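A.B. asks: Structure file model-v8.txt, compact mmCIF, C-alpha atoms and all ligand atoms, is pasted below:
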# COMPACT_ATOMS: atom_id res chain seq x y z
CA MET A 1 -55.16 49.07 -132.42
CA SER A 2 -55.94 45.92 -134.37
CA ALA A 3 -59.26 44.08 -134.07
CA LEU A 4 -59.62 40.81 -132.22
CA THR A 5 -59.10 37.61 -134.18
CA PRO A 6 -62.19 35.36 -134.55
CA GLU A 7 -60.69 33.06 -131.86
CA GLN A 8 -60.12 35.94 -129.43
CA ALA A 9 -63.63 37.29 -130.06
CA ALA A 10 -65.07 33.81 -129.38
CA VAL A 11 -63.22 33.62 -126.05
CA GLN A 12 -64.51 37.06 -125.12
CA ARG A 13 -68.11 36.10 -125.98
CA THR A 14 -67.94 32.80 -124.08
CA PHE A 15 -66.60 34.36 -120.87
CA ALA A 16 -68.88 37.41 -121.14
CA ALA A 17 -71.93 35.13 -121.34
CA PHE A 18 -70.66 33.00 -118.41
CA CYS A 19 -70.04 36.16 -116.38
CA ASP A 20 -73.54 37.53 -116.96
CA ARG A 21 -75.26 34.18 -116.43
CA GLU A 22 -73.36 32.74 -113.47
CA VAL A 23 -70.80 35.09 -111.94
CA VAL A 24 -72.69 38.38 -111.55
CA PRO A 25 -75.62 36.74 -109.70
CA ALA A 26 -73.22 34.95 -107.32
CA ALA A 27 -70.84 37.80 -106.53
CA ALA A 28 -72.75 39.05 -103.49
CA ARG A 29 -71.37 35.91 -101.80
CA ASP A 30 -68.04 37.76 -101.51
CA ALA A 31 -69.20 38.98 -98.11
CA ASP A 32 -69.17 35.34 -96.87
CA GLY A 33 -65.41 35.15 -97.40
CA VAL A 34 -65.61 31.64 -98.87
CA PHE A 35 -63.77 30.84 -102.09
CA PRO A 36 -66.39 29.88 -104.73
CA LEU A 37 -65.12 26.40 -105.61
CA ASP A 38 -68.36 25.66 -107.50
CA LEU A 39 -67.77 28.51 -109.95
CA PHE A 40 -64.03 27.84 -110.02
CA LYS A 41 -64.76 24.33 -111.34
CA LYS A 42 -66.98 25.84 -114.04
CA VAL A 43 -64.23 28.28 -115.02
CA GLY A 44 -62.03 25.19 -115.41
CA GLU A 45 -64.66 23.49 -117.57
CA LEU A 46 -64.56 26.51 -119.87
CA GLY A 47 -60.86 25.79 -120.41
CA PHE A 48 -59.54 28.90 -118.63
CA PHE A 49 -56.82 27.16 -116.62
CA GLY A 50 -55.21 25.55 -119.67
CA MET A 51 -55.42 28.48 -122.07
CA ARG A 52 -51.70 29.26 -121.95
CA TYR A 53 -50.52 25.65 -122.08
CA PRO A 54 -50.00 23.26 -125.01
CA PRO A 55 -52.68 20.74 -126.04
CA SER A 56 -50.28 17.90 -125.16
CA LEU A 57 -50.76 18.87 -121.48
CA GLY A 58 -54.50 19.41 -121.76
CA GLY A 59 -54.35 23.11 -122.63
CA SER A 60 -55.47 25.00 -125.70
CA GLY A 61 -52.32 26.98 -126.56
CA ALA A 62 -54.22 30.27 -126.70
CA ASP A 63 -52.40 33.61 -126.73
CA THR A 64 -51.98 36.02 -123.83
CA LEU A 65 -54.61 38.40 -125.16
CA SER A 66 -57.21 35.59 -125.10
CA LEU A 67 -56.32 34.87 -121.48
CA CYS A 68 -56.63 38.58 -120.66
CA LEU A 69 -59.99 38.90 -122.43
CA ALA A 70 -61.35 35.97 -120.42
CA ALA A 71 -59.87 37.35 -117.18
CA GLU A 72 -61.39 40.77 -117.85
CA GLU A 73 -64.85 39.21 -118.16
CA LEU A 74 -64.44 37.14 -114.97
CA ALA A 75 -63.26 40.22 -113.07
CA ARG A 76 -66.23 42.18 -114.39
CA GLY A 77 -68.34 39.70 -112.45
CA TRP A 78 -66.35 38.96 -109.30
CA LEU A 79 -62.70 39.79 -108.68
CA SER A 80 -62.26 37.11 -105.99
CA LEU A 81 -63.19 34.41 -108.49
CA ALA A 82 -61.09 36.00 -111.24
CA ALA A 83 -58.03 36.37 -108.98
CA GLY A 84 -58.23 32.77 -107.74
CA SER A 85 -58.76 31.52 -111.30
CA MET A 86 -55.81 33.52 -112.60
CA MET A 87 -53.64 32.06 -109.85
CA GLN A 88 -54.51 28.65 -111.29
CA ALA A 89 -54.16 29.62 -114.96
CA LEU A 90 -50.80 31.31 -114.60
CA MET A 91 -48.94 32.02 -111.36
CA GLY A 92 -49.67 28.72 -109.58
CA THR A 93 -48.97 26.50 -112.60
CA TRP A 94 -46.46 28.31 -114.83
CA LEU A 95 -43.32 27.15 -113.08
CA VAL A 96 -44.56 23.57 -112.75
CA TYR A 97 -44.92 23.72 -116.52
CA ARG A 98 -41.46 25.31 -116.86
CA SER A 99 -39.88 22.61 -114.69
CA GLY A 100 -40.26 20.37 -117.71
CA ASN A 101 -40.57 17.44 -115.29
CA ALA A 102 -42.87 14.82 -116.84
CA ALA A 103 -43.78 13.33 -113.44
CA LEU A 104 -44.85 16.76 -112.10
CA HIS A 105 -46.75 17.45 -115.32
CA GLU A 106 -48.69 14.19 -114.90
CA ARG A 107 -49.21 14.37 -111.14
CA LEU A 108 -49.89 18.11 -110.69
CA LEU A 109 -50.09 20.16 -113.87
CA LYS A 110 -52.57 18.12 -115.90
CA PRO A 111 -55.06 17.79 -112.98
CA ALA A 112 -54.56 21.51 -112.22
CA LEU A 113 -55.47 22.48 -115.79
CA ARG A 114 -58.69 20.48 -115.31
CA GLY A 115 -59.34 22.33 -112.03
CA GLU A 116 -58.87 19.19 -109.95
CA LYS A 117 -55.74 20.32 -108.07
CA LEU A 118 -54.95 23.85 -106.92
CA GLY A 119 -51.58 25.53 -107.26
CA THR A 120 -50.13 28.68 -105.69
CA ILE A 121 -47.03 30.84 -105.93
CA CYS A 122 -45.02 31.70 -102.82
CA MET A 123 -42.76 34.69 -103.32
CA THR A 124 -43.69 37.18 -100.59
CA GLU A 125 -42.36 36.92 -97.02
CA PRO A 126 -42.95 39.09 -93.96
CA ASP A 127 -39.65 40.91 -94.64
CA ALA A 128 -39.55 40.48 -98.41
CA GLY A 129 -42.42 42.20 -100.24
CA SER A 130 -41.21 44.55 -102.97
CA ASP A 131 -37.64 43.46 -102.24
CA LEU A 132 -37.76 39.82 -103.31
CA LYS A 133 -33.96 39.66 -103.24
CA ALA A 134 -34.42 39.67 -99.44
CA ILE A 135 -36.22 36.29 -99.47
CA SER A 136 -34.88 34.39 -96.48
CA THR A 137 -36.66 31.02 -96.73
CA ARG A 138 -33.74 28.64 -97.06
CA ALA A 139 -33.35 25.42 -99.06
CA VAL A 140 -30.35 23.33 -98.08
CA ARG A 141 -29.25 20.43 -100.27
CA ASP A 142 -28.96 17.07 -98.56
CA GLY A 143 -28.25 14.24 -100.99
CA ASP A 144 -31.15 13.86 -103.41
CA SER A 145 -33.37 16.29 -101.60
CA TYR A 146 -33.54 19.79 -100.14
CA THR A 147 -34.72 20.85 -96.69
CA LEU A 148 -36.77 24.05 -96.64
CA ASN A 149 -37.20 26.35 -93.65
CA GLY A 150 -38.93 29.72 -93.60
CA LYS A 151 -42.20 31.61 -93.79
CA LYS A 152 -44.25 33.02 -96.67
CA THR A 153 -47.19 35.39 -96.45
CA TRP A 154 -50.06 36.74 -98.55
CA ILE A 155 -50.31 33.45 -100.43
CA THR A 156 -53.47 33.37 -102.51
CA ASN A 157 -55.38 30.06 -102.40
CA ALA A 158 -52.94 28.58 -99.86
CA SER A 159 -55.78 27.22 -97.73
CA ASN A 160 -57.16 25.24 -100.69
CA ALA A 161 -53.86 24.39 -102.34
CA ASP A 162 -52.52 21.02 -103.39
CA PHE A 163 -49.10 22.36 -104.33
CA PHE A 164 -46.94 25.44 -103.85
CA THR A 165 -44.28 26.98 -106.08
CA VAL A 166 -41.77 28.28 -103.57
CA PHE A 167 -38.89 30.71 -104.03
CA ALA A 168 -36.13 29.96 -101.54
CA ARG A 169 -32.53 30.92 -100.94
CA THR A 170 -29.87 28.37 -101.90
CA GLY A 171 -26.67 29.97 -100.64
CA SER A 172 -26.41 33.45 -102.14
CA THR A 173 -28.88 32.78 -104.97
CA LEU A 174 -32.59 32.01 -105.28
CA SER A 175 -34.01 28.72 -106.49
CA THR A 176 -37.56 27.54 -107.11
CA PHE A 177 -39.24 24.39 -105.81
CA VAL A 178 -42.58 22.67 -106.25
CA VAL A 179 -43.81 21.48 -102.84
CA GLU A 180 -46.92 19.38 -102.35
CA ALA A 181 -49.36 20.37 -99.62
CA LYS A 182 -49.22 17.06 -97.79
CA THR A 183 -45.43 17.28 -97.33
CA PRO A 184 -44.59 16.99 -93.60
CA GLY A 185 -43.56 20.33 -92.08
CA LEU A 186 -45.60 22.50 -94.45
CA VAL A 187 -48.30 24.33 -92.48
CA VAL A 188 -50.82 26.84 -93.82
CA GLY A 189 -51.40 29.56 -91.27
CA ARG A 190 -54.20 31.94 -90.47
CA PRO A 191 -56.24 33.53 -93.24
CA ILE A 192 -55.49 37.25 -93.52
CA GLY A 193 -58.53 39.53 -93.06
CA LYS A 194 -58.78 41.87 -96.04
CA MET A 195 -60.46 45.07 -97.22
CA GLY A 196 -61.49 43.46 -100.52
CA VAL A 197 -61.42 40.25 -102.56
CA ARG A 198 -62.67 38.66 -99.37
CA SER A 199 -63.54 35.37 -101.03
CA SER A 200 -60.04 34.99 -102.45
CA PRO A 201 -58.29 33.45 -99.43
CA THR A 202 -54.77 34.59 -98.58
CA SER A 203 -52.68 33.00 -95.85
CA GLU A 204 -49.29 32.61 -94.32
CA VAL A 205 -47.40 29.39 -95.12
CA PHE A 206 -44.74 27.94 -92.82
CA PHE A 207 -41.95 25.57 -93.84
CA GLU A 208 -40.32 23.69 -91.00
CA ASP A 209 -37.75 21.12 -92.12
CA VAL A 210 -39.76 20.39 -95.26
CA ARG A 211 -37.95 17.79 -97.39
CA VAL A 212 -38.39 18.23 -101.13
CA PRO A 213 -36.85 15.86 -103.71
CA ALA A 214 -34.26 17.58 -105.92
CA SER A 215 -36.41 16.46 -108.88
CA GLN A 216 -38.97 19.05 -107.72
CA ARG A 217 -36.56 21.94 -108.19
CA VAL A 218 -37.54 24.07 -111.19
CA GLY A 219 -34.61 24.46 -113.56
CA GLU A 220 -31.10 24.71 -112.18
CA GLU A 221 -30.08 25.78 -108.70
CA GLY A 222 -29.72 29.58 -108.67
CA GLN A 223 -32.22 30.19 -111.48
CA GLY A 224 -34.93 31.56 -109.17
CA SER A 225 -34.22 35.19 -110.04
CA ASP A 226 -34.56 34.37 -113.75
CA TYR A 227 -37.94 32.79 -113.08
CA LEU A 228 -39.05 35.83 -111.07
CA ALA A 229 -38.02 38.03 -114.00
CA GLU A 230 -40.04 35.76 -116.29
CA ILE A 231 -43.24 35.49 -114.24
CA LEU A 232 -43.56 39.03 -112.82
CA PRO A 233 -44.21 40.74 -116.19
CA GLN A 234 -46.82 38.09 -116.99
CA ILE A 235 -48.51 38.65 -113.61
CA ARG A 236 -48.51 42.41 -114.26
CA THR A 237 -50.09 42.09 -117.70
CA VAL A 238 -52.95 39.88 -116.52
CA THR A 239 -53.48 42.03 -113.41
CA GLY A 240 -54.05 44.98 -115.76
CA ALA A 241 -56.81 42.93 -117.39
CA LEU A 242 -58.37 42.17 -113.99
CA ALA A 243 -58.40 45.89 -113.13
CA LEU A 244 -60.00 46.75 -116.46
CA GLY A 245 -62.77 44.21 -115.85
CA VAL A 246 -63.65 45.78 -112.49
CA ALA A 247 -63.61 49.27 -114.03
CA ARG A 248 -66.08 48.16 -116.71
CA ALA A 249 -68.40 46.73 -114.07
CA ALA A 250 -68.28 49.99 -112.09
CA PHE A 251 -69.00 52.08 -115.18
CA ASP A 252 -71.95 49.86 -116.17
CA ALA A 253 -73.39 50.13 -112.66
CA ALA A 254 -73.04 53.93 -112.58
CA ARG A 255 -74.49 54.39 -116.06
CA LEU A 256 -77.52 52.22 -115.23
CA TYR A 257 -78.06 53.99 -111.92
CA SER A 258 -77.89 57.39 -113.63
CA THR A 259 -80.89 56.42 -115.78
CA GLN A 260 -82.94 55.13 -112.82
CA ARG A 261 -82.30 57.57 -109.99
CA LYS A 262 -84.39 60.74 -110.18
CA GLN A 263 -83.68 63.98 -108.36
CA PHE A 264 -85.15 67.42 -109.03
CA GLY A 265 -87.74 65.74 -111.27
CA LYS A 266 -85.41 64.00 -113.72
CA PRO A 267 -82.90 61.15 -114.00
CA ILE A 268 -79.55 62.25 -112.55
CA GLY A 269 -77.89 61.19 -115.83
CA GLU A 270 -79.46 64.26 -117.41
CA PHE A 271 -77.43 66.58 -115.20
CA GLN A 272 -74.30 67.76 -116.97
CA ALA A 273 -72.12 67.12 -113.91
CA VAL A 274 -73.08 63.44 -113.91
CA LYS A 275 -72.68 63.18 -117.71
CA LEU A 276 -69.15 64.60 -117.44
CA LYS A 277 -68.25 62.05 -114.79
CA LEU A 278 -69.56 59.20 -116.96
CA ALA A 279 -67.66 60.63 -119.94
CA ASP A 280 -64.44 60.65 -117.92
CA MET A 281 -65.04 57.05 -116.84
CA ALA A 282 -65.72 55.94 -120.43
CA THR A 283 -62.49 57.64 -121.54
CA GLU A 284 -60.50 55.89 -118.80
CA ILE A 285 -61.89 52.54 -119.91
CA PHE A 286 -61.22 53.25 -123.58
CA ALA A 287 -57.60 54.16 -122.82
CA SER A 288 -57.09 51.26 -120.43
CA THR A 289 -58.47 48.80 -122.98
CA GLN A 290 -55.89 49.95 -125.54
CA VAL A 291 -53.04 49.67 -123.02
CA VAL A 292 -54.04 46.24 -121.64
CA HIS A 293 -54.79 44.65 -125.01
CA GLU A 294 -51.62 46.01 -126.60
CA ALA A 295 -49.47 44.87 -123.66
CA ALA A 296 -51.07 41.41 -123.94
CA ARG A 297 -50.26 41.26 -127.67
CA LEU A 298 -46.69 42.38 -126.99
CA ALA A 299 -46.28 39.71 -124.31
CA ASP A 300 -46.33 37.07 -127.06
CA VAL A 301 -44.33 38.80 -129.78
CA SER A 302 -41.86 41.00 -127.92
CA PRO A 303 -42.11 40.61 -124.12
CA SER A 304 -41.15 43.80 -122.31
CA PRO A 305 -41.02 44.25 -118.52
CA GLY A 306 -41.62 47.97 -119.07
CA ALA A 307 -44.80 47.43 -121.12
CA ALA A 308 -46.09 44.92 -118.54
CA ALA A 309 -45.42 47.40 -115.72
CA MET A 310 -47.14 50.20 -117.68
CA CYS A 311 -50.11 47.90 -118.24
CA LYS A 312 -50.67 47.17 -114.55
CA SER A 313 -49.77 50.66 -113.41
CA PHE A 314 -52.06 52.42 -115.88
CA ALA A 315 -54.98 49.99 -115.69
CA SER A 316 -55.05 49.69 -111.89
CA GLU A 317 -54.77 53.44 -111.22
CA SER A 318 -57.37 54.13 -113.91
CA ALA A 319 -59.72 51.47 -112.51
CA LEU A 320 -59.41 52.97 -109.04
CA ARG A 321 -60.47 56.37 -110.43
CA VAL A 322 -63.40 54.79 -112.31
CA CYS A 323 -64.60 52.89 -109.23
CA ASP A 324 -64.34 56.04 -107.11
CA ASP A 325 -66.33 58.03 -109.68
CA ALA A 326 -68.95 55.27 -109.83
CA ALA A 327 -69.34 55.44 -106.05
CA ARG A 328 -69.82 59.21 -106.32
CA VAL A 329 -72.56 58.80 -108.95
CA LEU A 330 -74.41 56.43 -106.64
CA ALA A 331 -73.69 58.65 -103.58
CA SER A 332 -75.19 56.96 -100.49
CA TYR A 333 -76.01 53.85 -102.53
CA GLY A 334 -72.38 53.69 -103.62
CA TYR A 335 -71.64 53.30 -99.91
CA SER A 336 -74.29 50.63 -99.40
CA THR A 337 -73.66 46.89 -99.48
CA ASP A 338 -77.02 46.58 -101.28
CA TYR A 339 -75.21 47.71 -104.45
CA PRO A 340 -71.99 46.19 -105.86
CA VAL A 341 -70.14 49.49 -106.33
CA GLU A 342 -68.67 49.60 -102.82
CA ARG A 343 -67.26 46.11 -103.45
CA TYR A 344 -65.70 47.21 -106.74
CA LEU A 345 -64.03 50.11 -104.95
CA ARG A 346 -62.65 47.86 -102.19
CA ASP A 347 -61.70 45.00 -104.52
CA VAL A 348 -59.91 47.08 -107.12
CA ARG A 349 -57.26 48.23 -104.63
CA PHE A 350 -55.91 44.69 -104.75
CA THR A 351 -54.88 45.25 -108.39
CA LEU A 352 -52.69 48.17 -107.25
CA ILE A 353 -50.67 45.94 -104.91
CA GLY A 354 -50.57 42.27 -106.03
CA GLY A 355 -47.57 41.63 -108.32
CA GLY A 356 -45.91 44.96 -107.49
CA THR A 357 -46.88 48.31 -106.01
CA PRO A 358 -47.30 51.42 -108.20
CA GLU A 359 -43.91 52.75 -107.07
CA ILE A 360 -42.11 49.51 -107.95
CA LEU A 361 -43.84 49.45 -111.33
CA LYS A 362 -42.66 52.98 -112.06
CA LEU A 363 -39.11 51.95 -111.23
CA ALA A 364 -39.48 49.06 -113.73
CA ILE A 365 -40.78 51.48 -116.37
CA ALA A 366 -37.94 53.93 -115.73
CA LYS A 367 -35.39 51.12 -116.23
CA GLU A 368 -36.53 50.99 -119.88
CA PHE A 369 -35.06 54.39 -120.64
CA GLN A 370 -32.22 54.72 -118.13
C1 LIG B 1 -54.69 40.24 -101.90
C2 LIG B 1 -53.25 39.96 -102.11
C3 LIG B 1 -52.86 38.74 -102.64
C4 LIG B 1 -51.50 38.43 -102.79
N1 LIG B 1 -51.14 37.20 -103.27
C5 LIG B 1 -49.83 36.86 -103.32
C6 LIG B 1 -49.43 35.53 -103.69
O1 LIG B 1 -50.27 34.69 -104.04
N2 LIG B 1 -48.12 35.22 -103.66
C7 LIG B 1 -47.15 36.10 -103.30
O2 LIG B 1 -45.98 35.77 -103.30
N3 LIG B 1 -47.49 37.39 -102.92
C8 LIG B 1 -48.81 37.77 -102.92
N4 LIG B 1 -49.17 39.05 -102.55
C9 LIG B 1 -48.12 39.97 -102.07
C10 LIG B 1 -47.86 41.16 -102.97
O3 LIG B 1 -47.28 40.80 -104.19
C11 LIG B 1 -46.99 42.13 -102.16
O4 LIG B 1 -47.85 42.60 -101.11
C12 LIG B 1 -46.49 43.31 -102.95
O5 LIG B 1 -45.47 42.90 -103.82
C13 LIG B 1 -45.97 44.46 -102.06
O6 LIG B 1 -45.22 44.02 -100.98
P1 LIG B 1 -45.50 44.61 -99.51
O7 LIG B 1 -46.97 44.57 -99.29
O8 LIG B 1 -44.64 43.86 -98.57
O9 LIG B 1 -45.08 46.12 -99.58
P2 LIG B 1 -43.63 46.78 -99.24
O10 LIG B 1 -42.61 46.22 -100.14
O11 LIG B 1 -43.38 46.71 -97.78
O12 LIG B 1 -43.88 48.29 -99.63
C14 LIG B 1 -44.44 49.25 -98.75
C15 LIG B 1 -44.40 50.62 -99.44
O13 LIG B 1 -43.03 50.98 -99.71
C16 LIG B 1 -42.87 51.25 -101.09
N5 LIG B 1 -41.53 50.82 -101.53
C17 LIG B 1 -40.89 49.65 -101.25
N6 LIG B 1 -39.71 49.61 -101.85
C18 LIG B 1 -39.59 50.77 -102.56
C19 LIG B 1 -38.58 51.33 -103.40
N7 LIG B 1 -37.44 50.68 -103.69
N8 LIG B 1 -38.81 52.55 -103.96
C20 LIG B 1 -39.96 53.22 -103.71
N9 LIG B 1 -40.96 52.74 -102.93
C21 LIG B 1 -40.77 51.54 -102.36
C22 LIG B 1 -43.97 50.45 -101.77
O14 LIG B 1 -44.27 50.95 -103.07
C23 LIG B 1 -45.11 50.62 -100.79
O15 LIG B 1 -45.74 51.85 -100.99
C24 LIG B 1 -50.52 39.39 -102.43
C25 LIG B 1 -50.91 40.64 -101.93
C26 LIG B 1 -52.25 40.93 -101.78
C27 LIG B 1 -52.65 42.26 -101.22
Represent the structure contained in this file as structure tokens.
Ligand SMILES: Cc1cc2nc3c(=O)[nH]c(=O)nc-3n(C[C@H](O)[C@H](O)[C@H](O)COP(=O)(O)OP(=O)(O)OC[C@H]3O[C@@H](n4cnc5c(N)ncnc54)[C@H](O)[C@@H]3O)c2cc1C

C.D. replies:
Amino acid sequence: MSALTPEQAAVQRTFAAFCDREVVPAAARDADGVFPLDLFKKVGELGFFGMRYPPSLGGSGADTLSLCLAAEELARGWLSLAAGSMMQALMGTWLVYRSGNAALHERLLKPALRGEKLGTICMTEPDAGSDLKAISTRAVRDGDSYTLNGKKTWITNASNADFFTVFARTGSTLSTFVVEAKTPGLVVGRPIGKMGVRSSPTSEVFFEDVRVPASQRVGEEGQGSDYLAEILPQIRTVTGALALGVARAAFDAARLYSTQRKQFGKPIGEFQAVKLKLADMATEIFASTQVVHEAARLADVSPSPGAAAMCKSFASESALRVCDDAARVLASYGYSTDYPVERYLRDVRFTLIGGGTPEILKLAIAKEFQ
């Protein structure tokens, strides 16, 4: 495993310091269920949203590993903030960028990279989760525009969004559209109550006779499946980084607690059973770091859907084990909302699901050798 470049190490240091200074102290607010727009703006000021985009659009043209290192640090502090920020830095903006449409770049992408406008991605529907080929939201061409009808669900940041990247059926194929929030007929529905990442809002979105100019279609009609194939591996790689960040936070909390909590006259960290648990957690994190960082490097030099699926699958399952072990080290205090470990355990389950379930990821991995 090669070392970080000076630029990557600088990104890691910057976001680690921001996490310790601003994010960790604020994360208890997750219980309020309110997206932390104040911190989100600061994440934008640090340049996170534009990291993957060229300087000509206000980005910094950083590599995927830099984005993952920053995401890992944000997730170490508060997964709700990290998930909402990643939506802005990648999923919610990538296809606006790929549309190549100068007007959309000016009106939506550039302000989004500054954190002034929020973007989302709308793939999932009530009857199309893992099976995105079953998307039934329809876009029907009518002169210079399309009319969209349908329903999306589980859309992160929908309640705060200024624009939506929407996958819709055009005849027998899928196409992709950028739809602005104020467009008549677009309605954001109820927020979905969740086990974790409670301050990362997720909602249903309804499209009822929503007219979208043809100029807001991304690429050609029928290219939606290609864009799904392009974005899903990227989502999976960065989600691995988010999972790793939460695992590191859980390990740090358990290690600290093991030095402070005394039973039978000594710190519990001196009992071999607790040491073994911490050793297992450290090993998980070591292994996960290699997998996530290598997958992030590969994403730029030799993108592979299999490697991206391995990254998310390995890192999220590993993080779940680490968070569970951390809760065991803290015992009753791992069950208490006075400590962050119960939040890590609830939050980290999101990384198992968002962007593809473990089973779907394994099918993607198996495709590599079939
Ligand atoms: C917090 C959160 C935020 C999200 N944000 C977004 C967002 O911003 N935008 C968006 O579009 N989506 C979003 N999602 C949706 C997410 O990507 C989907 O939930 C996910 O892809 C799984 O779909 P599903 O929940 O409908 O599960 P289903 O597809 O219904 O799967 C149910 C079970 O069946 C299994 N299964 C399904 N098909 C197969 C198969 N072929 N072989 C074996 N097993 C199978 C699954 O693995 C799973 O165990 C979000 C989800 C969450 C939880």

A.B. asks: Looking at all atoms listed in the file, which of A:Pro305, A:Gly269, A:Pro201, A:Pro184 is the one that sits closest to A:Ala158?

C.D. replies: A:Pro201

A.B. asks: Around ligand LIG 1 (chain B), which protein and nucleic acid residues have at least one atom no more than 6 Å from it, if we count all atoms listed in the file? List them as an NGL selection string.

C.D. replies: :A and (121-124 or 129-130 or 154-156 or 350 or 353-360)

A.B. asks: So, with only C-alpha atoms as the atoms that count, which of A:Arg13, A:Arg21, A:Arg217, A:Arg321 lies closest to A:Ala247?

C.D. replies: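 Ranking A:Arg13, A:Arg21, A:Arg217, A:Arg321 by distance to A:Ala247, first place goes to A:Arg321.
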
A.B. asks: Measure the distance from atom CA of A:Phe314 to atom CA of A:Ala229 in Å and round it to one decimal.

C.D. replies: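 Going from atom CA of A:Phe314 over to atom CA of A:Ala229, I get 20.2 Å.
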
A.B. asks: Out of A:Val197, A:Ala128, A:Ala134, A:Met51, which residue has the shortest atom-to-atom distance to A:Asp32 when counting all atoms listed in the file?

C.D. replies: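 Ranked by minimum distance to A:Asp32, first place goes to A:Val197.
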
A.B. asks: Find the spatial neighbours of A:Arg346, counting all atoms listed in the file, within a cut-off of 10 Å - ignore same-chain residues fewer than 6 positions away - and output them as an MDAnalysis selection string.

C.D. replies: chainID A and resid 194:198 320 323:324

A.B. asks: To one decimal place in Å, what is the distance between atom CA of A:Leu109 and atom CA of A:Ile135?

C.D. replies: 25.7 Å

A.B. asks: Once you count all atoms listed in the file, what closest atom pair and distance in Å to one decimal does each residue of stretch 319-368 of chain A within 8 Å of stretch 277-296 of chain A have, with rows by chain and rising residue number, as JSON lines?

C.D. replies:
{"residue": "A:Ala319", "atom": "CA", "partner": "A:Glu284", "partner_atom": "CA", "distance": 7.7}
{"residue": "A:Arg321", "atom": "CA", "partner": "A:Met281", "partner_atom": "CA", "distance": 7.9}
{"residue": "A:Val322", "atom": "CA", "partner": "A:Met281", "partner_atom": "CA", "distance": 5.3}
{"residue": "A:Asp325", "atom": "CA", "partner": "A:Lys277", "partner_atom": "CA", "distance": 6.8}
{"residue": "A:Val329", "atom": "CA", "partner": "A:Lys277", "partner_atom": "CA", "distance": 8.0}

A.B. asks: Could the residues in this selection be saved with C-alpha atoms as a PDB file, keeping the file's coordinate frame?

C.D. replies:
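Written file, again-v4.pdb:
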ATOM      1  CA  ALA A 319     -59.720  51.470-112.510  1.00  0.00           C
ATOM      2  CA  ARG A 321     -60.470  56.370-110.430  1.00  0.00           C
ATOM      3  CA  VAL A 322     -63.400  54.790-112.310  1.00  0.00           C
ATOM      4  CA  ASP A 325     -66.330  58.030-109.680  1.00  0.00           C
ATOM      5  CA  VAL A 329     -72.560  58.800-108.950  1.00  0.00           C
TER       6      VAL A 329
END

A.B. asks: So what do you get for atom CA of A:Asp162 versus atom CA of A:Phe207, distance-wise?

C.D. replies: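 Straight-line distance from atom CA of A:Asp162 to atom CA of A:Phe207 works out to 15.0 Å.
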
A.B. asks: Check the smallest atom-to-atom distance from each of A:Pro36, A:Gly150, A:Gly47, A:Gly84 to A:Glu208 using only C-alpha atoms, then report the winner.

C.D. replies: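 That would be A:Gly150, the residue with the smallest distance to A:Glu208.
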
A.B. asks: Using all atoms listed in the file, which residue out of A:Ser80, A:Ser172, A:Thr237, A:Thr147 lies closest to A:Leu298?

C.D. replies: A:Thr237

A.B. asks: Skipping near chain neighbours, those fewer than 6 positions away, what residues fall within 10 Å of stretch 41-45 of chain A using all atoms listed in the file, listed as a PyMOL selection string?

C.D. replies: chain A and resi 15+18-19+22-23+51+70+74+81-82+85+88-89+112-116

A.B. asks: Grab the residues selected above and save them as a PDB file, keeping the file's coordinate frame with C-alpha atoms.

C.D. replies:
ATOM      1  CA  PHE A  15     -66.600  34.360-120.870  1.00  0.00           C
ATOM      2  CA  PHE A  18     -70.660  33.000-118.410  1.00  0.00           C
ATOM      3  CA  CYS A  19     -70.040  36.160-116.380  1.00  0.00           C
ATOM      4  CA  GLU A  22     -73.360  32.740-113.470  1.00  0.00           C
ATOM      5  CA  VAL A  23     -70.800  35.090-111.940  1.00  0.00           C
ATOM      6  CA  MET A  51     -55.420  28.480-122.070  1.00  0.00           C
ATOM      7  CA  ALA A  70     -61.350  35.970-120.420  1.00  0.00           C
ATOM      8  CA  LEU A  74     -64.440  37.140-114.970  1.00  0.00           C
ATOM      9  CA  LEU A  81     -63.190  34.410-108.490  1.00  0.00           C
ATOM     10  CA  ALA A  82     -61.090  36.000-111.240  1.00  0.00           C
ATOM     11  CA  SER A  85     -58.760  31.520-111.300  1.00  0.00           C
ATOM     12  CA  GLN A  88     -54.510  28.650-111.290  1.00  0.00           C
ATOM     13  CA  ALA A  89     -54.160  29.620-114.960  1.00  0.00           C
ATOM     14  CA  ALA A 112     -54.560  21.510-112.220  1.00  0.00           C
ATOM     15  CA  LEU A 113     -55.470  22.480-115.790  1.00  0.00           C
ATOM     16  CA  ARG A 114     -58.690  20.480-115.310  1.00  0.00           C
ATOM     17  CA  GLY A 115     -59.340  22.330-112.030  1.00  0.00           C
ATOM     18  CA  GLU A 116     -58.870  19.190-109.950  1.00  0.00           C
TER      19      GLU A 116
END

A.B. asks: Fewer than 3 positions away in the same chain doesn't count, so skip those; otherwise give me all residues within 8 Å of A:Lys151, counting only C-alpha atoms, as a PyMOL selection string.

C.D. replies: chain A and resi 125-126+137+204-207

A.B. asks: Give the answer as one residue: which of A:Thr176, A:Ser66, A:Asn149, A:Gln272 has the shortest atom-to-atom distance to A:Leu95, using all atoms listed in the file?

C.D. replies: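 When distances to A:Leu95 are compared using all atoms listed in the file, the smallest one comes from A:Thr176.
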